[in-house]
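Single-structure report; data block below.
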Protein chains: 2
Amino acid sequence: MLSQEKMCDVCEVFDPNKDIVSLLEEKKLSDDVVYELSETFKVLGDPTRIKILHALNEKELCVCDLSELLDMSSSAISHQLRVLRNNKLVKHRKEGRSVYYSLDDEHVMCLFGQGLSHVLEDR
Amino acid sequence: MLSQEKMCDVCEVFDPNKDIVSLLEEKKLSDDVVYELSETFKVLGDPTRIKILHALNEKELCVCDLSELLDMSSSAISHQLRVLRNNKLVKHRKEGRSVYYSLDDEHVMCLFGQGLSHVLEDR
DNA sequence: ACTATATATGAACAATTATTCATACATTCA
DNA sequence: TGAATGTATGAATAATTGTTCATATATAGT
C-alpha cells in the first residue's frame, strides 16, 4: 500500500501517493494568497515590530513615544511603521507635527494573541 | 494636554507622554517572549513553508510527496521541514525509509487560519 | 554485501532585510 | 520669514535567509 505496485499485467501502475498529491493539487491556495499570507507573517516576524504592535495595542502612540519606549532612533521606528502601514497592520492620524499610530483593526491583535498563546503554551 | 506645559512655577514639567511611556514600560513583554513570538511568525513568513503547512493540514505527508506537490527538490523541502520542526510547528513519524510529517497540534492551524482570514478580509 | 531509494545536512551563493546616516519635508512658534 | 521640531525616506552597510549542490546516513530489496 505504501509504494508502487502493479495493478494488472498491462503495465498500469497504481500509486496511492500520486492520488493524494493530485487531490492536494486541487486544494492548493492561489499563489497570491500564499504570497500575501507569508508577507503578513513576515511582517509580524520581527522583534521590533512585535514590540511596536504590543505597545499600540495598549494605546495609540506617536513616533517619538515609540522611539523613547523602545530606545531606538525615530528613523528606525518610522521605517518599521511604514512596513506595518504598507501591510495594513497599523493606521495613522496626523495631529500637528505628530503622527499617531494605532492598530488597523481588532483582527491584528487577534492574530498577535494567537501567536502569543502558541508561544506561551510550550512553557 | 498634548505636549509639554508647565504645572507650576518651580520649574516642574508635566509631560503626559512620559507618563504613558513609563506606564507602557511596565507592560512590556519579556525579551524572550518577544523573541520567540517573532521567531514563530518569521517561520510562518515564507511561501514555501505556508504551502507545506497548508498541505499538511489536509493530510500527513512524506518528504517526497511534498517535493512532488510543490515541485521542489527534496533537499529544499527537507531543509524547510527542519525549520518547521525546530519551531514545533510540525512533528514527524518514521515508517520504513519514509518520514511522515504532520502538524504539531491544532493550535498551528488556528494561527494559520487567523492569518488567512486577515488576508482574505481585505478583498 | 551491494544497490537503490528516502531523507538529512554542511557549505556556498544569491537575495532579502534591518539599521544607520544624511537629508528632506512639514508644521509650529517666534 | 526663519528656526526648531517631528516625521519620512533614499542609500549604504551588515546581517540574515532560502536554495542549490555535493555528500552523508539510513532503510529495503536482491
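Just so we're on the same page: first chain in the C-alpha cells is A, next is B, and so on; residues restart at 1 for each chain, and ligands are numbered from 1 in the order they show up.
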Considering only C-alpha atoms (C1' of nucleotides), extract the chain B residues located within 12 Å of chain D and return them as a PyMOL selection string. chain B and resi 3+42-43+45-49+72-80+83+94-99
Output file for the residues above (C-alpha atoms, as a PDB file, in the first residue's frame):
ATOM      1  CA  SER B   3       2.747  68.424  24.599  1.00  0.00           C
ATOM      2  CA  LYS B  42       9.140  34.502  10.951  1.00  0.00           C
ATOM      3  CA  VAL B  43       8.833  30.768  10.329  1.00  0.00           C
ATOM      4  CA  GLY B  45       6.558  34.142   6.873  1.00  0.00           C
ATOM      5  CA  ASP B  46       7.761  32.099   3.924  1.00  0.00           C
ATOM      6  CA  PRO B  47       5.692  30.980   0.904  1.00  0.00           C
ATOM      7  CA  THR B  48       7.217  27.500   0.801  1.00  0.00           C
ATOM      8  CA  ARG B  49       6.513  26.857   4.450  1.00  0.00           C
ATOM      9  CA  MET B  72      10.829  21.458  -5.392  1.00  0.00           C
ATOM     10  CA  SER B  73      13.886  19.363  -4.587  1.00  0.00           C
ATOM     11  CA  SER B  74      13.531  17.041  -1.614  1.00  0.00           C
ATOM     12  CA  SER B  75      16.595  18.737  -0.175  1.00  0.00           C
ATOM     13  CA  ALA B  76      14.885  22.121  -0.158  1.00  0.00           C
ATOM     14  CA  ILE B  77      11.755  20.585   1.374  1.00  0.00           C
ATOM     15  CA  SER B  78      13.794  18.789   3.993  1.00  0.00           C
ATOM     16  CA  HIS B  79      15.564  21.978   4.992  1.00  0.00           C
ATOM     17  CA  GLN B  80      12.239  23.760   5.409  1.00  0.00           C
ATOM     18  CA  VAL B  83      12.872  24.763  10.347  1.00  0.00           C
ATOM     19  CA  LYS B  94       9.266   7.298  10.555  1.00  0.00           C
ATOM     20  CA  GLU B  95       7.871   4.456   8.501  1.00  0.00           C
ATOM     21  CA  GLY B  96      10.475   2.414   6.662  1.00  0.00           C
ATOM     22  CA  ARG B  97      12.531   4.718   4.501  1.00  0.00           C
ATOM     23  CA  SER B  98       9.886   7.419   4.589  1.00  0.00           C
ATOM     24  CA  VAL B  99       9.391  10.136   7.168  1.00  0.00           C
TER      25      VAL B  99
END
Exercise: Val34 (chain A) partners within 8 Å, only C-alpha atoms (C1' of nucleotides), chain neighbours under 5 positions left out, as a PDB file with C-alpha atoms, in the first residue's frame:
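So the final result, stored in result-v3.pdb, reads:
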ATOM      1  CA  LEU A  29      -4.074  28.038  -2.275  1.00  0.00           C
TER       2      LEU A  29
ATOM      3  CA  PRO B  47       5.692  30.980   0.904  1.00  0.00           C
ATOM      4  CA  ILE B  50       2.974  28.225   4.082  1.00  0.00           C
ATOM      5  CA  LYS B  51       2.360  25.745   1.283  1.00  0.00           C
TER       6      LYS B  51
END
Exercise: Glu25 (chain B) partners within 12 Å, only C-alpha atoms (C1' of nucleotides), chain neighbours under 6 positions left out, as a PyMOL selection string: (chain A and resi 51+54-55+58+65-66+68-71) or (chain B and resi 18-19)
Could you please take those selected residues and save N, CA and C atoms as a short mmCIF file (atom, residue, chain, number, x, y, z; two decimals), in the first residue's frame?
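Here's the written file selection-v3.cif:
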data_model
loop_
_atom_site.label_atom_id
_atom_site.label_comp_id
_atom_site.auth_asym_id
_atom_site.auth_seq_id
_atom_site.Cartn_x
_atom_site.Cartn_y
_atom_site.Cartn_z
N LYS A 51 7.20 44.48 19.28
CA LYS A 51 7.14 45.43 20.40
C LYS A 51 6.26 46.62 20.06
N HIS A 54 2.60 45.51 20.16
CA HIS A 54 2.18 45.27 21.54
C HIS A 54 1.92 46.58 22.26
N ALA A 55 2.77 47.56 22.01
CA ALA A 55 2.57 48.87 22.64
C ALA A 55 1.32 49.56 22.09
N GLU A 58 -2.05 48.78 23.52
CA GLU A 58 -2.44 49.44 24.76
C GLU A 58 -3.00 50.83 24.48
N ASP A 65 7.07 58.71 20.90
CA ASP A 65 6.73 57.86 22.06
C ASP A 65 7.38 56.49 21.89
N LEU A 66 7.16 55.92 20.71
CA LEU A 66 7.71 54.59 20.43
C LEU A 66 9.22 54.60 20.46
N GLU A 68 11.10 56.48 22.21
CA GLU A 68 11.55 56.52 23.60
C GLU A 68 11.32 55.18 24.29
N LEU A 69 10.14 54.63 24.07
CA LEU A 69 9.78 53.36 24.72
C LEU A 69 10.72 52.23 24.34
N LEU A 70 11.03 52.14 23.04
CA LEU A 70 11.87 51.03 22.58
C LEU A 70 13.35 51.39 22.54
N ASP A 71 13.64 52.63 22.92
CA ASP A 71 15.02 53.11 22.92
C ASP A 71 15.70 52.91 21.57
N LYS B 18 5.46 61.20 28.81
CA LYS B 18 6.38 60.50 29.71
C LYS B 18 5.62 59.51 30.58
N ASP B 19 4.43 59.96 31.05
CA ASP B 19 3.60 59.09 31.87
C ASP B 19 3.18 57.85 31.10
#
Go through chain C and flag each residue having an atom no more than 9 Å from chain B; for those, report the closest pair of atoms plus their distance in Å to one decimal, using only C-alpha atoms (C1' of nucleotides), ordered by chain and rising number, as a tab-separated table.
residue	atom	partner	partner_atom	distance
C:DT5	C1'	B:Arg97	CA	7.8
C:DA6	C1'	B:Arg97	CA	5.3
C:DT7	C1'	B:Ser78	CA	7.3
C:DA8	C1'	B:Ser78	CA	7.0
C:DT9	C1'	B:His79	CA	8.3
Per-residue DSSP, chain B, filtered to strand (DSSP E), as a ChimeraX atom specification: /B:5-6,13-14,61-62,90-95,98-103
Write out the residues from the selection above, keeping C-alpha atoms, as an mmCIF file, in the first residue's frame.
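Resulting contents of out-v2.cif:
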data_model
loop_
_atom_site.group_PDB
_atom_site.id
_atom_site.type_symbol
_atom_site.label_atom_id
_atom_site.label_comp_id
_atom_site.auth_asym_id
_atom_site.auth_seq_id
_atom_site.Cartn_x
_atom_site.Cartn_y
_atom_site.Cartn_z
ATOM 1 C CA GLU B 5 3.321 72.517 29.646
ATOM 2 C CA LYS B 6 4.328 73.906 32.993
ATOM 3 C CA VAL B 13 7.283 69.975 33.849
ATOM 4 C CA PHE B 14 4.197 67.879 33.284
ATOM 5 C CA LEU B 61 2.772 13.620 4.032
ATOM 6 C CA CYS B 62 6.311 12.442 3.495
ATOM 7 C CA VAL B 90 5.254 20.064 12.664
ATOM 8 C CA LYS B 91 6.058 16.633 14.065
ATOM 9 C CA HIS B 92 7.399 13.562 12.259
ATOM 10 C CA ARG B 93 6.998 9.826 12.252
ATOM 11 C CA LYS B 94 9.266 7.298 10.555
ATOM 12 C CA GLU B 95 7.871 4.456 8.501
ATOM 13 C CA SER B 98 9.886 7.419 4.589
ATOM 14 C CA VAL B 99 9.391 10.136 7.168
ATOM 15 C CA TYR B 100 5.843 11.361 7.519
ATOM 16 C CA TYR B 101 5.201 14.895 8.673
ATOM 17 C CA SER B 102 2.066 16.352 10.189
ATOM 18 C CA LEU B 103 1.027 19.498 12.025
#
Is it possible to see chain A as a compact mmCIF listing (two decimals) with N, CA and C atoms, in the first residue's frame, once it has been laid onto chain B by a least-squares fit on every C-alpha atom in order?
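File written: result27.txt
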# COMPACT_ATOMS: atom_id res chain seq x y z
N MET A 1 -2.33 70.16 26.45
CA MET A 1 -2.39 68.74 26.87
C MET A 1 -1.46 67.85 26.05
N LEU A 2 -1.09 68.33 24.88
CA LEU A 2 -0.39 67.39 24.02
C LEU A 2 1.13 67.39 24.13
N SER A 3 1.72 68.56 24.36
CA SER A 3 3.17 68.53 24.56
C SER A 3 3.49 69.17 25.90
N GLN A 4 4.77 69.41 26.10
CA GLN A 4 5.21 69.84 27.42
C GLN A 4 4.63 71.20 27.86
N GLU A 5 4.22 71.27 29.15
CA GLU A 5 3.77 72.55 29.71
C GLU A 5 4.13 72.59 31.19
N LYS A 6 4.38 73.79 31.69
CA LYS A 6 4.78 73.90 33.10
C LYS A 6 3.59 73.75 34.03
N MET A 7 3.79 73.04 35.13
CA MET A 7 2.72 72.88 36.11
C MET A 7 2.78 74.00 37.16
N CYS A 8 3.99 74.37 37.52
CA CYS A 8 4.15 75.41 38.52
C CYS A 8 5.47 76.14 38.27
N ASP A 9 5.86 77.01 39.18
CA ASP A 9 7.01 77.86 38.91
C ASP A 9 8.32 77.35 39.50
N VAL A 10 8.28 76.14 40.04
CA VAL A 10 9.54 75.60 40.57
C VAL A 10 10.21 74.66 39.57
N CYS A 11 9.94 74.95 38.32
CA CYS A 11 10.62 74.23 37.24
C CYS A 11 10.24 72.76 37.11
N GLU A 12 9.04 72.39 37.56
CA GLU A 12 8.56 71.03 37.35
C GLU A 12 7.86 70.97 35.99
N VAL A 13 8.08 69.90 35.29
CA VAL A 13 7.46 69.78 33.97
C VAL A 13 6.47 68.61 33.97
N PHE A 14 5.30 68.89 33.51
CA PHE A 14 4.30 67.82 33.38
C PHE A 14 4.23 67.36 31.94
N ASP A 15 4.58 66.12 31.71
CA ASP A 15 4.57 65.61 30.34
C ASP A 15 3.72 64.36 30.26
N PRO A 16 2.53 64.48 29.74
CA PRO A 16 1.63 63.33 29.68
C PRO A 16 2.22 62.16 28.90
N ASN A 17 2.98 62.43 27.87
CA ASN A 17 3.58 61.36 27.10
C ASN A 17 4.51 60.51 27.96
N LYS A 18 5.26 61.19 28.81
CA LYS A 18 6.17 60.47 29.71
C LYS A 18 5.38 59.51 30.59
N ASP A 19 4.20 59.96 31.05
CA ASP A 19 3.36 59.10 31.87
C ASP A 19 2.93 57.86 31.10
N ILE A 20 2.47 58.09 29.89
CA ILE A 20 2.01 56.97 29.06
C ILE A 20 3.16 56.00 28.82
N VAL A 21 4.29 56.56 28.45
CA VAL A 21 5.45 55.71 28.16
C VAL A 21 5.85 54.89 29.37
N SER A 22 5.88 55.51 30.54
CA SER A 22 6.31 54.73 31.71
C SER A 22 5.26 53.70 32.11
N LEU A 23 4.00 54.01 31.80
CA LEU A 23 2.94 53.03 32.05
C LEU A 23 3.13 51.82 31.15
N LEU A 24 3.45 52.11 29.89
CA LEU A 24 3.64 51.02 28.93
C LEU A 24 4.91 50.24 29.22
N GLU A 25 5.89 50.91 29.77
CA GLU A 25 7.14 50.23 30.16
C GLU A 25 6.82 49.01 31.03
N GLU A 26 5.86 49.22 31.93
CA GLU A 26 5.51 48.15 32.89
C GLU A 26 4.79 47.00 32.21
N LYS A 27 4.07 47.32 31.13
CA LYS A 27 3.28 46.28 30.45
C LYS A 27 4.08 45.56 29.37
N LYS A 28 5.34 45.95 29.23
CA LYS A 28 6.18 45.36 28.19
C LYS A 28 6.25 43.83 28.28
N LEU A 29 6.28 43.19 27.12
CA LEU A 29 6.50 41.74 27.08
C LEU A 29 7.96 41.48 27.39
N SER A 30 8.24 40.34 27.98
CA SER A 30 9.65 40.02 28.26
C SER A 30 10.37 39.78 26.93
N ASP A 31 11.67 40.02 26.96
CA ASP A 31 12.46 39.91 25.73
C ASP A 31 12.35 38.54 25.07
N ASP A 32 12.34 37.48 25.87
CA ASP A 32 12.30 36.17 25.24
C ASP A 32 10.93 35.81 24.70
N VAL A 33 9.87 36.36 25.27
CA VAL A 33 8.55 36.16 24.68
C VAL A 33 8.47 36.89 23.33
N VAL A 34 8.97 38.12 23.31
CA VAL A 34 9.01 38.88 22.06
C VAL A 34 9.80 38.12 21.01
N TYR A 35 10.94 37.60 21.43
CA TYR A 35 11.80 36.87 20.50
C TYR A 35 11.11 35.62 19.95
N GLU A 36 10.57 34.83 20.84
CA GLU A 36 9.90 33.59 20.41
C GLU A 36 8.71 33.87 19.51
N LEU A 37 7.97 34.89 19.87
CA LEU A 37 6.80 35.27 19.09
C LEU A 37 7.21 35.68 17.68
N SER A 38 8.24 36.51 17.59
CA SER A 38 8.66 36.95 16.26
C SER A 38 9.26 35.79 15.47
N GLU A 39 9.95 34.89 16.14
CA GLU A 39 10.49 33.71 15.45
C GLU A 39 9.36 32.86 14.88
N THR A 40 8.32 32.66 15.67
CA THR A 40 7.19 31.86 15.21
C THR A 40 6.57 32.47 13.95
N PHE A 41 6.34 33.78 14.00
CA PHE A 41 5.75 34.44 12.83
C PHE A 41 6.71 34.43 11.65
N LYS A 42 8.00 34.57 11.94
CA LYS A 42 9.00 34.57 10.87
C LYS A 42 8.96 33.24 10.12
N VAL A 43 8.80 32.16 10.87
CA VAL A 43 8.73 30.83 10.26
C VAL A 43 7.51 30.73 9.35
N LEU A 44 6.41 31.34 9.79
CA LEU A 44 5.19 31.33 8.97
C LEU A 44 5.29 32.29 7.79
N GLY A 45 6.29 33.14 7.81
CA GLY A 45 6.41 34.17 6.79
C GLY A 45 7.22 33.77 5.57
N ASP A 46 6.97 32.58 5.07
CA ASP A 46 7.67 32.12 3.87
C ASP A 46 6.70 31.32 3.01
N PRO A 47 6.60 31.64 1.73
CA PRO A 47 5.62 30.98 0.86
C PRO A 47 5.75 29.46 0.84
N THR A 48 6.98 28.96 0.79
CA THR A 48 7.19 27.51 0.76
C THR A 48 6.64 26.85 2.02
N ARG A 49 6.93 27.46 3.16
CA ARG A 49 6.46 26.88 4.42
C ARG A 49 4.95 27.00 4.55
N ILE A 50 4.38 28.07 4.03
CA ILE A 50 2.91 28.21 4.03
C ILE A 50 2.30 27.07 3.24
N LYS A 51 2.87 26.79 2.07
CA LYS A 51 2.34 25.72 1.24
C LYS A 51 2.48 24.37 1.93
N ILE A 52 3.61 24.15 2.59
CA ILE A 52 3.82 22.90 3.30
C ILE A 52 2.78 22.73 4.40
N LEU A 53 2.59 23.76 5.21
CA LEU A 53 1.63 23.68 6.31
C LEU A 53 0.21 23.47 5.80
N HIS A 54 -0.12 24.15 4.73
CA HIS A 54 -1.46 24.00 4.17
C HIS A 54 -1.69 22.58 3.68
N ALA A 55 -0.67 22.00 3.08
CA ALA A 55 -0.80 20.61 2.61
C ALA A 55 -0.89 19.65 3.78
N LEU A 56 -0.05 19.88 4.79
CA LEU A 56 -0.06 18.99 5.96
C LEU A 56 -1.36 19.11 6.75
N ASN A 57 -2.05 20.21 6.59
CA ASN A 57 -3.34 20.37 7.27
C ASN A 57 -4.36 19.39 6.71
N GLU A 58 -4.18 19.00 5.44
CA GLU A 58 -5.10 18.05 4.82
C GLU A 58 -4.74 16.62 5.20
N LYS A 59 -3.42 16.36 5.26
CA LYS A 59 -2.99 14.97 5.46
C LYS A 59 -1.51 14.91 5.80
N GLU A 60 -1.11 13.95 6.60
CA GLU A 60 0.31 13.80 6.85
C GLU A 60 1.00 13.35 5.57
N LEU A 61 2.19 13.85 5.33
CA LEU A 61 2.88 13.59 4.08
C LEU A 61 4.37 13.38 4.33
N CYS A 62 5.01 12.63 3.42
CA CYS A 62 6.44 12.44 3.56
C CYS A 62 7.16 13.47 2.67
N VAL A 63 8.46 13.53 2.84
CA VAL A 63 9.27 14.51 2.13
C VAL A 63 9.05 14.45 0.62
N CYS A 64 9.00 13.23 0.10
CA CYS A 64 8.92 13.13 -1.37
C CYS A 64 7.54 13.50 -1.89
N ASP A 65 6.47 13.29 -1.07
CA ASP A 65 5.14 13.78 -1.46
C ASP A 65 5.17 15.29 -1.61
N LEU A 66 5.71 15.94 -0.59
CA LEU A 66 5.78 17.41 -0.60
C LEU A 66 6.66 17.90 -1.74
N SER A 67 7.74 17.18 -1.95
CA SER A 67 8.66 17.52 -3.02
C SER A 67 7.96 17.53 -4.38
N GLU A 68 7.11 16.51 -4.56
CA GLU A 68 6.36 16.40 -5.82
C GLU A 68 5.26 17.45 -5.90
N LEU A 69 4.54 17.60 -4.80
CA LEU A 69 3.43 18.55 -4.76
C LEU A 69 3.87 19.98 -5.03
N LEU A 70 4.97 20.37 -4.40
CA LEU A 70 5.42 21.76 -4.54
C LEU A 70 6.44 21.93 -5.66
N ASP A 71 6.76 20.83 -6.32
CA ASP A 71 7.72 20.84 -7.41
C ASP A 71 9.05 21.47 -6.98
N MET A 72 9.57 20.94 -5.89
CA MET A 72 10.85 21.42 -5.38
C MET A 72 11.72 20.23 -5.02
N SER A 73 13.02 20.45 -4.91
CA SER A 73 13.93 19.36 -4.56
C SER A 73 13.62 18.87 -3.15
N SER A 74 13.86 17.59 -2.91
CA SER A 74 13.59 17.06 -1.57
C SER A 74 14.56 17.67 -0.56
N SER A 75 15.69 18.12 -1.04
CA SER A 75 16.64 18.79 -0.16
C SER A 75 16.05 20.10 0.36
N ALA A 76 15.52 20.89 -0.55
CA ALA A 76 14.91 22.17 -0.16
C ALA A 76 13.75 21.94 0.82
N ILE A 77 12.93 20.94 0.51
CA ILE A 77 11.79 20.62 1.38
C ILE A 77 12.28 20.19 2.76
N SER A 78 13.30 19.37 2.76
CA SER A 78 13.84 18.85 4.02
C SER A 78 14.38 19.98 4.90
N HIS A 79 15.08 20.92 4.25
CA HIS A 79 15.58 22.09 4.99
C HIS A 79 14.43 22.86 5.64
N GLN A 80 13.38 23.08 4.88
CA GLN A 80 12.25 23.84 5.40
C GLN A 80 11.51 23.08 6.50
N LEU A 81 11.42 21.76 6.33
CA LEU A 81 10.76 20.96 7.36
C LEU A 81 11.54 21.01 8.67
N ARG A 82 12.85 21.11 8.55
CA ARG A 82 13.65 21.22 9.76
C ARG A 82 13.35 22.53 10.49
N VAL A 83 13.21 23.60 9.72
CA VAL A 83 12.85 24.89 10.33
C VAL A 83 11.50 24.78 11.04
N LEU A 84 10.55 24.16 10.37
CA LEU A 84 9.22 23.99 10.96
C LEU A 84 9.26 23.11 12.20
N ARG A 85 10.10 22.08 12.13
CA ARG A 85 10.23 21.16 13.27
C ARG A 85 10.88 21.86 14.46
N ASN A 86 11.96 22.60 14.18
CA ASN A 86 12.66 23.31 15.25
C ASN A 86 11.75 24.30 15.98
N ASN A 87 10.77 24.80 15.25
CA ASN A 87 9.86 25.76 15.86
C ASN A 87 8.55 25.13 16.30
N LYS A 88 8.57 23.81 16.41
CA LYS A 88 7.43 23.05 16.93
C LYS A 88 6.13 23.28 16.16
N LEU A 89 6.26 23.48 14.86
CA LEU A 89 5.06 23.65 14.05
C LEU A 89 4.65 22.34 13.39
N VAL A 90 5.62 21.46 13.18
CA VAL A 90 5.29 20.13 12.66
C VAL A 90 6.00 19.06 13.50
N LYS A 91 5.46 17.85 13.44
CA LYS A 91 6.12 16.72 14.08
C LYS A 91 6.37 15.65 13.02
N HIS A 92 7.22 14.67 13.32
CA HIS A 92 7.50 13.66 12.30
C HIS A 92 7.45 12.25 12.88
N ARG A 93 7.32 11.32 11.98
CA ARG A 93 7.12 9.92 12.33
C ARG A 93 7.83 9.11 11.25
N LYS A 94 8.70 8.21 11.66
CA LYS A 94 9.43 7.41 10.68
C LYS A 94 8.65 6.15 10.34
N GLU A 95 8.72 5.79 9.06
CA GLU A 95 8.09 4.54 8.64
C GLU A 95 8.94 3.99 7.50
N GLY A 96 9.77 3.04 7.84
CA GLY A 96 10.70 2.53 6.83
C GLY A 96 11.67 3.61 6.43
N ARG A 97 11.83 3.78 5.14
CA ARG A 97 12.74 4.81 4.65
C ARG A 97 12.10 6.19 4.68
N SER A 98 10.78 6.19 4.76
CA SER A 98 10.07 7.47 4.69
C SER A 98 9.94 8.13 6.05
N VAL A 99 9.84 9.45 6.04
CA VAL A 99 9.54 10.20 7.26
C VAL A 99 8.27 11.00 6.99
N TYR A 100 7.25 10.71 7.77
CA TYR A 100 5.97 11.40 7.59
C TYR A 100 5.85 12.59 8.52
N TYR A 101 5.47 13.70 7.94
CA TYR A 101 5.30 14.94 8.71
C TYR A 101 3.83 15.28 8.86
N SER A 102 3.51 15.88 10.01
CA SER A 102 2.14 16.38 10.22
C SER A 102 2.21 17.61 11.11
N LEU A 103 1.11 18.33 11.19
CA LEU A 103 1.08 19.52 12.04
C LEU A 103 1.25 19.12 13.50
N ASP A 104 1.95 19.94 14.25
CA ASP A 104 2.25 19.60 15.63
C ASP A 104 1.01 19.56 16.50
N ASP A 105 0.10 20.50 16.31
CA ASP A 105 -1.17 20.48 17.02
C ASP A 105 -2.18 21.37 16.30
N GLU A 106 -3.40 21.40 16.80
CA GLU A 106 -4.46 22.17 16.14
C GLU A 106 -4.18 23.68 16.23
N HIS A 107 -3.43 24.01 17.27
CA HIS A 107 -3.09 25.41 17.50
C HIS A 107 -2.43 26.04 16.27
N VAL A 108 -1.60 25.25 15.61
CA VAL A 108 -0.88 25.73 14.44
C VAL A 108 -1.85 26.13 13.34
N MET A 109 -2.84 25.27 13.08
CA MET A 109 -3.80 25.59 12.03
C MET A 109 -4.71 26.74 12.42
N CYS A 110 -4.91 26.89 13.71
CA CYS A 110 -5.70 28.00 14.20
C CYS A 110 -5.01 29.32 13.86
N LEU A 111 -3.72 29.37 14.14
CA LEU A 111 -2.90 30.54 13.81
C LEU A 111 -2.94 30.79 12.31
N PHE A 112 -2.71 29.73 11.57
CA PHE A 112 -2.72 29.78 10.12
C PHE A 112 -4.07 30.32 9.61
N GLY A 113 -5.14 29.80 10.16
CA GLY A 113 -6.47 30.20 9.76
C GLY A 113 -6.76 31.66 10.06
N GLN A 114 -6.28 32.12 11.19
CA GLN A 114 -6.42 33.53 11.54
C GLN A 114 -5.75 34.42 10.49
N GLY A 115 -4.55 34.03 10.13
CA GLY A 115 -3.82 34.79 9.11
C GLY A 115 -4.57 34.78 7.79
N LEU A 116 -5.08 33.61 7.44
CA LEU A 116 -5.81 33.47 6.19
C LEU A 116 -7.05 34.36 6.16
N SER A 117 -7.79 34.37 7.25
CA SER A 117 -9.00 35.20 7.24
C SER A 117 -8.65 36.69 7.22
N HIS A 118 -7.53 37.03 7.81
CA HIS A 118 -7.08 38.43 7.73
C HIS A 118 -6.80 38.82 6.28
N VAL A 119 -6.11 37.92 5.59
CA VAL A 119 -5.76 38.19 4.20
C VAL A 119 -7.00 38.22 3.30
N LEU A 120 -7.89 37.27 3.51
CA LEU A 120 -9.07 37.17 2.66
C LEU A 120 -10.08 38.28 2.94
N GLU A 121 -10.00 38.84 4.13
CA GLU A 121 -10.93 39.90 4.53
C GLU A 121 -10.85 41.12 3.63
N ASP A 122 -9.65 41.57 3.31
CA ASP A 122 -9.49 42.77 2.49
C ASP A 122 -9.60 42.43 1.01
N ARG A 123 -10.69 41.87 0.60
CA ARG A 123 -10.81 41.51 -0.83
C ARG A 123 -12.16 41.88 -1.38
Check the DSSP output for the backbone and give back, as a ChimeraX atom specification, the residues of chain A in helix (DSSP H, G or I). /A:16-27,31-44,47-58,63-69,74-86,106-121
